[in-house]
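Encoded as structure tokens, the structure appears first; notes follow it.
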Amino acid sequence: MRSFNILVSAQAASALQPGLAALPDSSRYKLVQFEQADESQLRQIDIALVSRDITGTSTKHVLDDFTARYYDAMRNAPRLEWVHIHSAGLDRPIFIELRGRGVQVSPSSGVNARSVAHTVAAGVLALNRRFPRIMRQQARHTWRTLATSTQPADLDGQTAVIVGWGPIGRLIGEFLTSLGLRIIVARHSGEPVPQAMATVAYRDLDSVLPRADWLILACPLTDATKRLIGPDALAALPADANLVNVSRGEVVAEQALIDALRSGQLAGAFLDVFEQEPLPPDSPLWDMENVIVSPHSAGHAAGNYQRVIDLFLEKLKDRP
């Protein structure tokens, strides 16, 4: 029976050891701690786990030194056959590169779905209840109640178009329905979703946008979804619609979004992802009173680390 050298961080090694020891064939697996490994050991790895502490504060655009060195270790490992990552998305350049050379790269799809769905619900409620305005008034010590301005519309009976129907999209649909919203779903296949008023394929998204009070983006970044939301899609939305993006920044044409927010074509936005991350300091999105900027944090939760470890162990057990 084959044995495997598994590249991990010191933190992941500590979290993995109890579960690994419980496997009936635990002797097959040797953990190689990146912080202590020499070049010879790194070249012998067969499997790598990219846990949250590996990516840290890095983005797919800007890498810190530790992340870059870990990526290089995977890049320079000739025996590497499988990489498991803590996130649901596979669009970081290193993962595209590894897949291109035949390495299996598996995501932790669903691990953070509940956290992301909670964030979407919070974003919808915050925009609907005018929290950005209220918090800016607090910073200025200004007392101006919602009764003195256009009052928030009732959420009951509003319509949310949810783009993406994976584990995250399905939970978002569940949460928004519980808040009284009706849902329309856009998904890759276009296969009908029973609880939705309508279901369309991505290519037919524009046909349902005029019905959207909320446009919720929770889809993966693919050829079909890149810049899916451009000037035409934004123009198709009602003027009082809001956008929530927890997918990838490249799903939206960002300058078109900025223009729509400035002109009032779009009422507001909760944005967790951006075309360039970190969001540049000179981006106008930072200072827009109808925008909530979140630093790609929608899926973060204390329990995610162990959930990723557990999922990795499950997948490890199934390897021949």
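Residue names in the structure tokens use chain letters A, B, ... in the order shown, residue numbers from 1 in each chain, and ligand numbers from 1 in the order shown.
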- Message: Which residues are close to region 230-232 of chain A, i.e. within 10 Å by only C-alpha atoms, leaving aside same-chain residues fewer than 3 positions away? Reply as a list in words.
- Response: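 Returned residues: Asp206, Lys226, Arg227, Ala235, Ala236, Leu237, Val251, Val252, Ala253, Glu254, Gln255, Ala256, Leu257, Asp259 and Ala260 of chain A.
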Next, dump the selected residues to file, keeping only all heavy atoms, as an mmCIF file, in the first residue's frame.
```
data_model
loop_
_atom_site.group_PDB
_atom_site.id
_atom_site.type_symbol
_atom_site.label_atom_id
_atom_site.label_comp_id
_atom_site.auth_asym_id
_atom_site.auth_seq_id
_atom_site.Cartn_x
_atom_site.Cartn_y
_atom_site.Cartn_z
ATOM 1 N N ASP A 206 -30.373 38.551 -17.762
ATOM 2 C CA ASP A 206 -30.965 39.874 -18.017
ATOM 3 C C ASP A 206 -32.489 39.834 -18.067
ATOM 4 O O ASP A 206 -33.146 40.838 -17.765
ATOM 5 C CB ASP A 206 -30.430 40.453 -19.327
ATOM 6 C CG ASP A 206 -28.992 40.970 -19.191
ATOM 7 O OD1 ASP A 206 -28.406 40.804 -18.099
ATOM 8 O OD2 ASP A 206 -28.466 41.526 -20.164
ATOM 9 N N LYS A 226 -17.583 35.515 -15.620
ATOM 10 C CA LYS A 226 -16.658 36.652 -15.610
ATOM 11 C C LYS A 226 -17.317 37.857 -16.258
ATOM 12 O O LYS A 226 -17.810 37.777 -17.385
ATOM 13 C CB LYS A 226 -15.362 36.293 -16.334
ATOM 14 C CG LYS A 226 -14.282 37.354 -16.178
ATOM 15 C CD LYS A 226 -12.954 36.866 -16.752
ATOM 16 C CE LYS A 226 -11.851 37.885 -16.489
ATOM 17 N NZ LYS A 226 -10.536 37.409 -16.993
ATOM 18 N N ARG A 227 -17.390 38.980 -15.523
ATOM 19 C CA ARG A 227 -18.008 40.225 -15.966
ATOM 20 C C ARG A 227 -19.460 40.000 -16.405
ATOM 21 O O ARG A 227 -19.966 40.674 -17.308
ATOM 22 C CB ARG A 227 -17.186 40.881 -17.082
ATOM 23 C CG ARG A 227 -15.788 41.274 -16.605
ATOM 24 C CD ARG A 227 -14.952 41.887 -17.715
ATOM 25 N NE ARG A 227 -15.371 43.251 -18.006
ATOM 26 C CZ ARG A 227 -14.974 44.326 -17.332
ATOM 27 N NH1 ARG A 227 -14.152 44.202 -16.293
ATOM 28 N NH2 ARG A 227 -15.376 45.524 -17.683
ATOM 29 N N ALA A 235 -28.088 48.271 -15.964
ATOM 30 C CA ALA A 235 -29.147 49.122 -16.496
ATOM 31 C C ALA A 235 -30.496 48.425 -16.478
ATOM 32 O O ALA A 235 -31.544 49.086 -16.437
ATOM 33 C CB ALA A 235 -28.801 49.558 -17.916
ATOM 34 N N ALA A 236 -30.487 47.092 -16.502
ATOM 35 C CA ALA A 236 -31.744 46.341 -16.496
ATOM 36 C C ALA A 236 -32.393 46.288 -15.120
ATOM 37 O O ALA A 236 -33.580 45.955 -14.994
ATOM 38 C CB ALA A 236 -31.497 44.919 -17.005
ATOM 39 N N LEU A 237 -31.633 46.614 -14.074
ATOM 40 C CA LEU A 237 -32.174 46.589 -12.716
ATOM 41 C C LEU A 237 -33.056 47.804 -12.463
ATOM 42 O O LEU A 237 -32.801 48.886 -13.000
ATOM 43 C CB LEU A 237 -31.033 46.582 -11.696
ATOM 44 C CG LEU A 237 -30.189 45.310 -11.604
ATOM 45 C CD1 LEU A 237 -28.895 45.594 -10.829
ATOM 46 C CD2 LEU A 237 -30.982 44.199 -10.923
ATOM 47 N N VAL A 251 -16.661 39.026 -11.300
ATOM 48 C CA VAL A 251 -18.012 38.761 -11.819
ATOM 49 C C VAL A 251 -18.692 40.070 -12.209
ATOM 50 O O VAL A 251 -19.584 40.100 -13.052
ATOM 51 C CB VAL A 251 -18.850 37.993 -10.769
ATOM 52 C CG1 VAL A 251 -20.305 37.863 -11.191
ATOM 53 C CG2 VAL A 251 -18.246 36.602 -10.546
ATOM 54 N N VAL A 252 -18.239 41.174 -11.625
ATOM 55 C CA VAL A 252 -18.821 42.496 -11.861
ATOM 56 C C VAL A 252 -17.812 43.378 -12.584
ATOM 57 O O VAL A 252 -16.627 43.390 -12.240
ATOM 58 C CB VAL A 252 -19.223 43.161 -10.532
ATOM 59 C CG1 VAL A 252 -19.811 44.542 -10.763
ATOM 60 C CG2 VAL A 252 -20.216 42.286 -9.775
ATOM 61 N N ALA A 253 -18.283 44.138 -13.579
ATOM 62 C CA ALA A 253 -17.460 45.177 -14.193
ATOM 63 C C ALA A 253 -17.446 46.351 -13.210
ATOM 64 O O ALA A 253 -18.424 47.089 -13.097
ATOM 65 C CB ALA A 253 -18.040 45.593 -15.538
ATOM 66 N N GLU A 254 -16.351 46.504 -12.475
ATOM 67 C CA GLU A 254 -16.346 47.384 -11.304
ATOM 68 C C GLU A 254 -16.594 48.850 -11.649
ATOM 69 O O GLU A 254 -17.299 49.556 -10.923
ATOM 70 C CB GLU A 254 -15.036 47.225 -10.543
ATOM 71 C CG GLU A 254 -15.094 47.753 -9.115
ATOM 72 C CD GLU A 254 -13.956 47.213 -8.274
ATOM 73 O OE1 GLU A 254 -14.036 46.032 -7.856
ATOM 74 O OE2 GLU A 254 -12.993 47.963 -8.043
ATOM 75 N N GLN A 255 -16.024 49.325 -12.745
ATOM 76 C CA GLN A 255 -16.247 50.733 -13.095
ATOM 77 C C GLN A 255 -17.713 50.968 -13.450
ATOM 78 O O GLN A 255 -18.280 52.013 -13.092
ATOM 79 C CB GLN A 255 -15.354 51.145 -14.265
ATOM 80 C CG GLN A 255 -15.434 52.640 -14.588
ATOM 81 C CD GLN A 255 -15.097 53.518 -13.401
ATOM 82 O OE1 GLN A 255 -14.035 53.380 -12.783
ATOM 83 N NE2 GLN A 255 -16.002 54.442 -13.052
ATOM 84 N N ALA A 256 -18.338 50.005 -14.118
ATOM 85 C CA ALA A 256 -19.763 50.132 -14.423
ATOM 86 C C ALA A 256 -20.583 50.158 -13.137
ATOM 87 O O ALA A 256 -21.585 50.889 -13.041
ATOM 88 C CB ALA A 256 -20.211 48.987 -15.326
ATOM 89 N N LEU A 257 -20.173 49.376 -12.161
ATOM 90 C CA LEU A 257 -20.849 49.379 -10.858
ATOM 91 C C LEU A 257 -20.706 50.740 -10.180
ATOM 92 O O LEU A 257 -21.681 51.281 -9.651
ATOM 93 C CB LEU A 257 -20.256 48.276 -9.977
ATOM 94 C CG LEU A 257 -20.735 48.239 -8.520
ATOM 95 C CD1 LEU A 257 -22.231 47.961 -8.440
ATOM 96 C CD2 LEU A 257 -19.952 47.190 -7.725
ATOM 97 N N ASP A 259 -20.203 53.600 -11.595
ATOM 98 C CA ASP A 259 -21.018 54.565 -12.341
ATOM 99 C C ASP A 259 -22.497 54.432 -11.967
ATOM 100 O O ASP A 259 -23.195 55.448 -11.803
ATOM 101 C CB ASP A 259 -20.842 54.353 -13.841
ATOM 102 C CG ASP A 259 -19.437 54.701 -14.330
ATOM 103 O OD1 ASP A 259 -18.710 55.399 -13.591
ATOM 104 O OD2 ASP A 259 -19.065 54.251 -15.433
ATOM 105 N N ALA A 260 -22.975 53.195 -11.827
ATOM 106 C CA ALA A 260 -24.382 52.972 -11.488
ATOM 107 C C ALA A 260 -24.706 53.459 -10.081
ATOM 108 O O ALA A 260 -25.785 54.000 -9.827
ATOM 109 C CB ALA A 260 -24.728 51.488 -11.633
#
```
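Here the DSSP assignment of helix (DSSP H, G or I), based on backbone atoms, applies within region 175-219 of chain A to Phe175, Leu176, Thr177, Ser178, Tyr202, Arg203, Asp204, Leu205, Asp206, Ser207, Leu209, Pro210 and Arg211 of chain A.
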Writing out the chosen residues with C-alpha atoms as a PDB file, in the first residue's frame:
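Contents of the output file part_29.pdb:
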```
ATOM      1  CA  PHE A 175     -32.369  32.756   4.829  1.00  0.00           C
ATOM      2  CA  LEU A 176     -33.876  35.384   2.539  1.00  0.00           C
ATOM      3  CA  THR A 177     -37.091  33.410   2.224  1.00  0.00           C
ATOM      4  CA  SER A 178     -37.319  33.374   6.026  1.00  0.00           C
ATOM      5  CA  TYR A 202     -26.627  32.590 -16.509  1.00  0.00           C
ATOM      6  CA  ARG A 203     -26.941  33.562 -20.157  1.00  0.00           C
ATOM      7  CA  ASP A 204     -30.580  34.532 -19.591  1.00  0.00           C
ATOM      8  CA  LEU A 205     -29.986  36.546 -16.423  1.00  0.00           C
ATOM      9  CA  ASP A 206     -30.965  39.874 -18.017  1.00  0.00           C
ATOM     10  CA  SER A 207     -34.503  38.592 -18.541  1.00  0.00           C
ATOM     11  CA  LEU A 209     -33.212  41.530 -13.622  1.00  0.00           C
ATOM     12  CA  PRO A 210     -36.102  44.000 -14.052  1.00  0.00           C
ATOM     13  CA  ARG A 211     -37.889  42.054 -11.293  1.00  0.00           C
TER      14      ARG A 211
END
```
- Taking the DSSP assignment computed from this structure's backbone, write out as a PyMOL selection string all residues of region 186-250 of chain A that belong to strand (DSSP E or B). chain A and resi 186-187+198-201+214-217+229+242-245
- Query: Given the choices A:Ser51, A:Gln41, A:Ser108, A:Thr199, which gets closest to Glu314 (chain A) if the distance is worked out from only C-alpha atoms?
  - Reply: A:Ser108
Between region 187-234 of chain A and region 155-161 of chain A, at 7 Å or less, what are the per-residue closest atom pairs and their distances in Å? Count only C-alpha atoms, order by chain and rising residue number, and return it as JSON lines.
```
{"residue": "A:Arg211", "atom": "CA", "partner": "A:Thr159", "partner_atom": "CA", "distance": 6.9}
{"residue": "A:Ala212", "atom": "CA", "partner": "A:Thr159", "partner_atom": "CA", "distance": 5.4}
{"residue": "A:Asp213", "atom": "CA", "partner": "A:Thr159", "partner_atom": "CA", "distance": 5.3}
{"residue": "A:Trp214", "atom": "CA", "partner": "A:Ala160", "partner_atom": "CA", "distance": 4.5}
{"residue": "A:Leu215", "atom": "CA", "partner": "A:Val161", "partner_atom": "CA", "distance": 5.0}
{"residue": "A:Ile216", "atom": "CA", "partner": "A:Val161", "partner_atom": "CA", "distance": 6.0}
```
So that I have them on file, write out the residues from the current selection with N, CA and C atoms, as a PDB file, in the first residue's frame.
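And here is the file that came out, result-v1.pdb:
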```pdb
ATOM      1  N   ARG A 211     -37.047  42.443 -12.421  1.00  0.00           N
ATOM      2  CA  ARG A 211     -37.889  42.054 -11.293  1.00  0.00           C
ATOM      3  C   ARG A 211     -37.137  42.080  -9.970  1.00  0.00           C
ATOM      4  N   ALA A 212     -35.844  42.442  -9.982  1.00  0.00           N
ATOM      5  CA  ALA A 212     -34.982  42.294  -8.808  1.00  0.00           C
ATOM      6  C   ALA A 212     -34.996  43.537  -7.930  1.00  0.00           C
ATOM      7  N   ASP A 213     -35.362  43.361  -6.679  1.00  0.00           N
ATOM      8  CA  ASP A 213     -35.079  44.375  -5.667  1.00  0.00           C
ATOM      9  C   ASP A 213     -33.658  44.189  -5.132  1.00  0.00           C
ATOM     10  N   TRP A 214     -33.196  42.943  -5.173  1.00  0.00           N
ATOM     11  CA  TRP A 214     -31.862  42.581  -4.694  1.00  0.00           C
ATOM     12  C   TRP A 214     -31.213  41.651  -5.700  1.00  0.00           C
ATOM     13  N   LEU A 215     -29.987  41.967  -6.080  1.00  0.00           N
ATOM     14  CA  LEU A 215     -29.188  41.085  -6.924  1.00  0.00           C
ATOM     15  C   LEU A 215     -28.068  40.530  -6.054  1.00  0.00           C
ATOM     16  N   ILE A 216     -28.117  39.220  -5.804  1.00  0.00           N
ATOM     17  CA  ILE A 216     -27.175  38.556  -4.892  1.00  0.00           C
ATOM     18  C   ILE A 216     -26.240  37.675  -5.714  1.00  0.00           C
TER      19      ILE A 216
END
```
- Task: Can you work out which one of A:Leu98, A:Ala10, A:Ile229, A:Ala298 has the shortest atom-to-atom distance to Leu80 (chain A), counting only C-alpha atoms?
- Result: A:Leu98
- Message: Quick one: residues within 6 Å of Gly268 (chain A), only C-alpha atoms, excluding same-chain residues fewer than 2 positions away - as number ranges by chain?
- Response: A: 242, 266, 290-291
So that I have them on file, write out the residues from the current selection with C-alpha atoms, as a short mmCIF file (atom, residue, chain, number, x, y, z; two decimals), in the first residue's frame.
```cif
data_model
loop_
_atom_site.label_atom_id
_atom_site.label_comp_id
_atom_site.auth_asym_id
_atom_site.auth_seq_id
_atom_site.Cartn_x
_atom_site.Cartn_y
_atom_site.Cartn_z
CA ASN A 242 -29.36 46.85 -4.34
CA LEU A 266 -28.31 51.37 -8.24
CA ASN A 290 -24.62 53.82 -0.20
CA VAL A 291 -21.85 51.19 -0.15
#
```
- Would you work out the distance separating CA of Ser189 (chain A) from CA of Ala201 (chain A), expressed in Å to one decimal? 5.7 Å
- Message: So that I can see what lies close to region 65-69 of chain A, please list as a list of chain:residue names the residues with an atom at most 10 Å from it, counting only C-alpha atoms and leaving out residues fewer than 3 positions away in the same chain.
- Response: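 Selected residues are A:Phe34, A:Glu35, A:Val50, A:Asp53, A:Ile54, A:Thr55, A:Gly56, A:Thr57, A:Ser58, A:Thr59, A:Val62, A:Asp72, A:Ala73, A:Met74, A:Arg75, A:Ile94.
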- Note on the structure: Residue with the minimum atom-to-atom distance to Val124 (chain A), picked from A:Ile172, A:Lys60, A:Leu234, A:His188 with only C-alpha atoms counted, is A:Ile172
- Message: Given only C-alpha atoms as the basis, pick out the residue of A:Gln265, A:Thr225, A:Ser106, A:Ser27 nearest to Ser247 (chain A).
- Response: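 Among the listed residues, the smallest separation from Ser247 (chain A) belongs to A:Thr225.
When only C-alpha atoms are used to compute distances to Met1 (chain A), the closest of the residues A:Pro194, A:Gly164, A:Leu311, A:Arg319 turns out to be A:Arg319.
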- Can you tell me how far CA of Leu42 (chain A) sits from CA of Ala77 (chain A), in Å to one decimal?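 CA of Leu42 (chain A) sits 6.6 Å away from CA of Ala77 (chain A).
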- Polymer residues at most 8 Å from Val105 (chain A), only C-alpha atoms, same-chain spacing of 2 or more positions, as a PyMOL selection string: chain A and resi 82-85+90+95+98-99+103+107
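For the set A:Gly102, A:Pro93, A:Gly180, A:Pro152, the residue with the smallest atom-to-atom gap to Pro78 (chain A) is A:Gly102, counting only C-alpha atoms.
Look at Gly19 (chain A): the protein and nucleic acid residues within 12 Å of it, using only C-alpha atoms and passing over chain neighbours fewer than 2 places away, are Ala12, Ala13, Ser14, Ala15, Leu16, Gln17, Ala21, Ala22, Leu23, Pro24, Asp25, Ser26, Tyr29, Gln306, Ile309, Asp310, Leu311, Phe312, Leu313, Glu314, Leu316 and Lys317 of chain A.
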- Shell around Asp272 (chain A) at 6 Å using only C-alpha atoms, local window under 3 positions removed, as a PyMOL selection string: chain A and resi 246+294-296
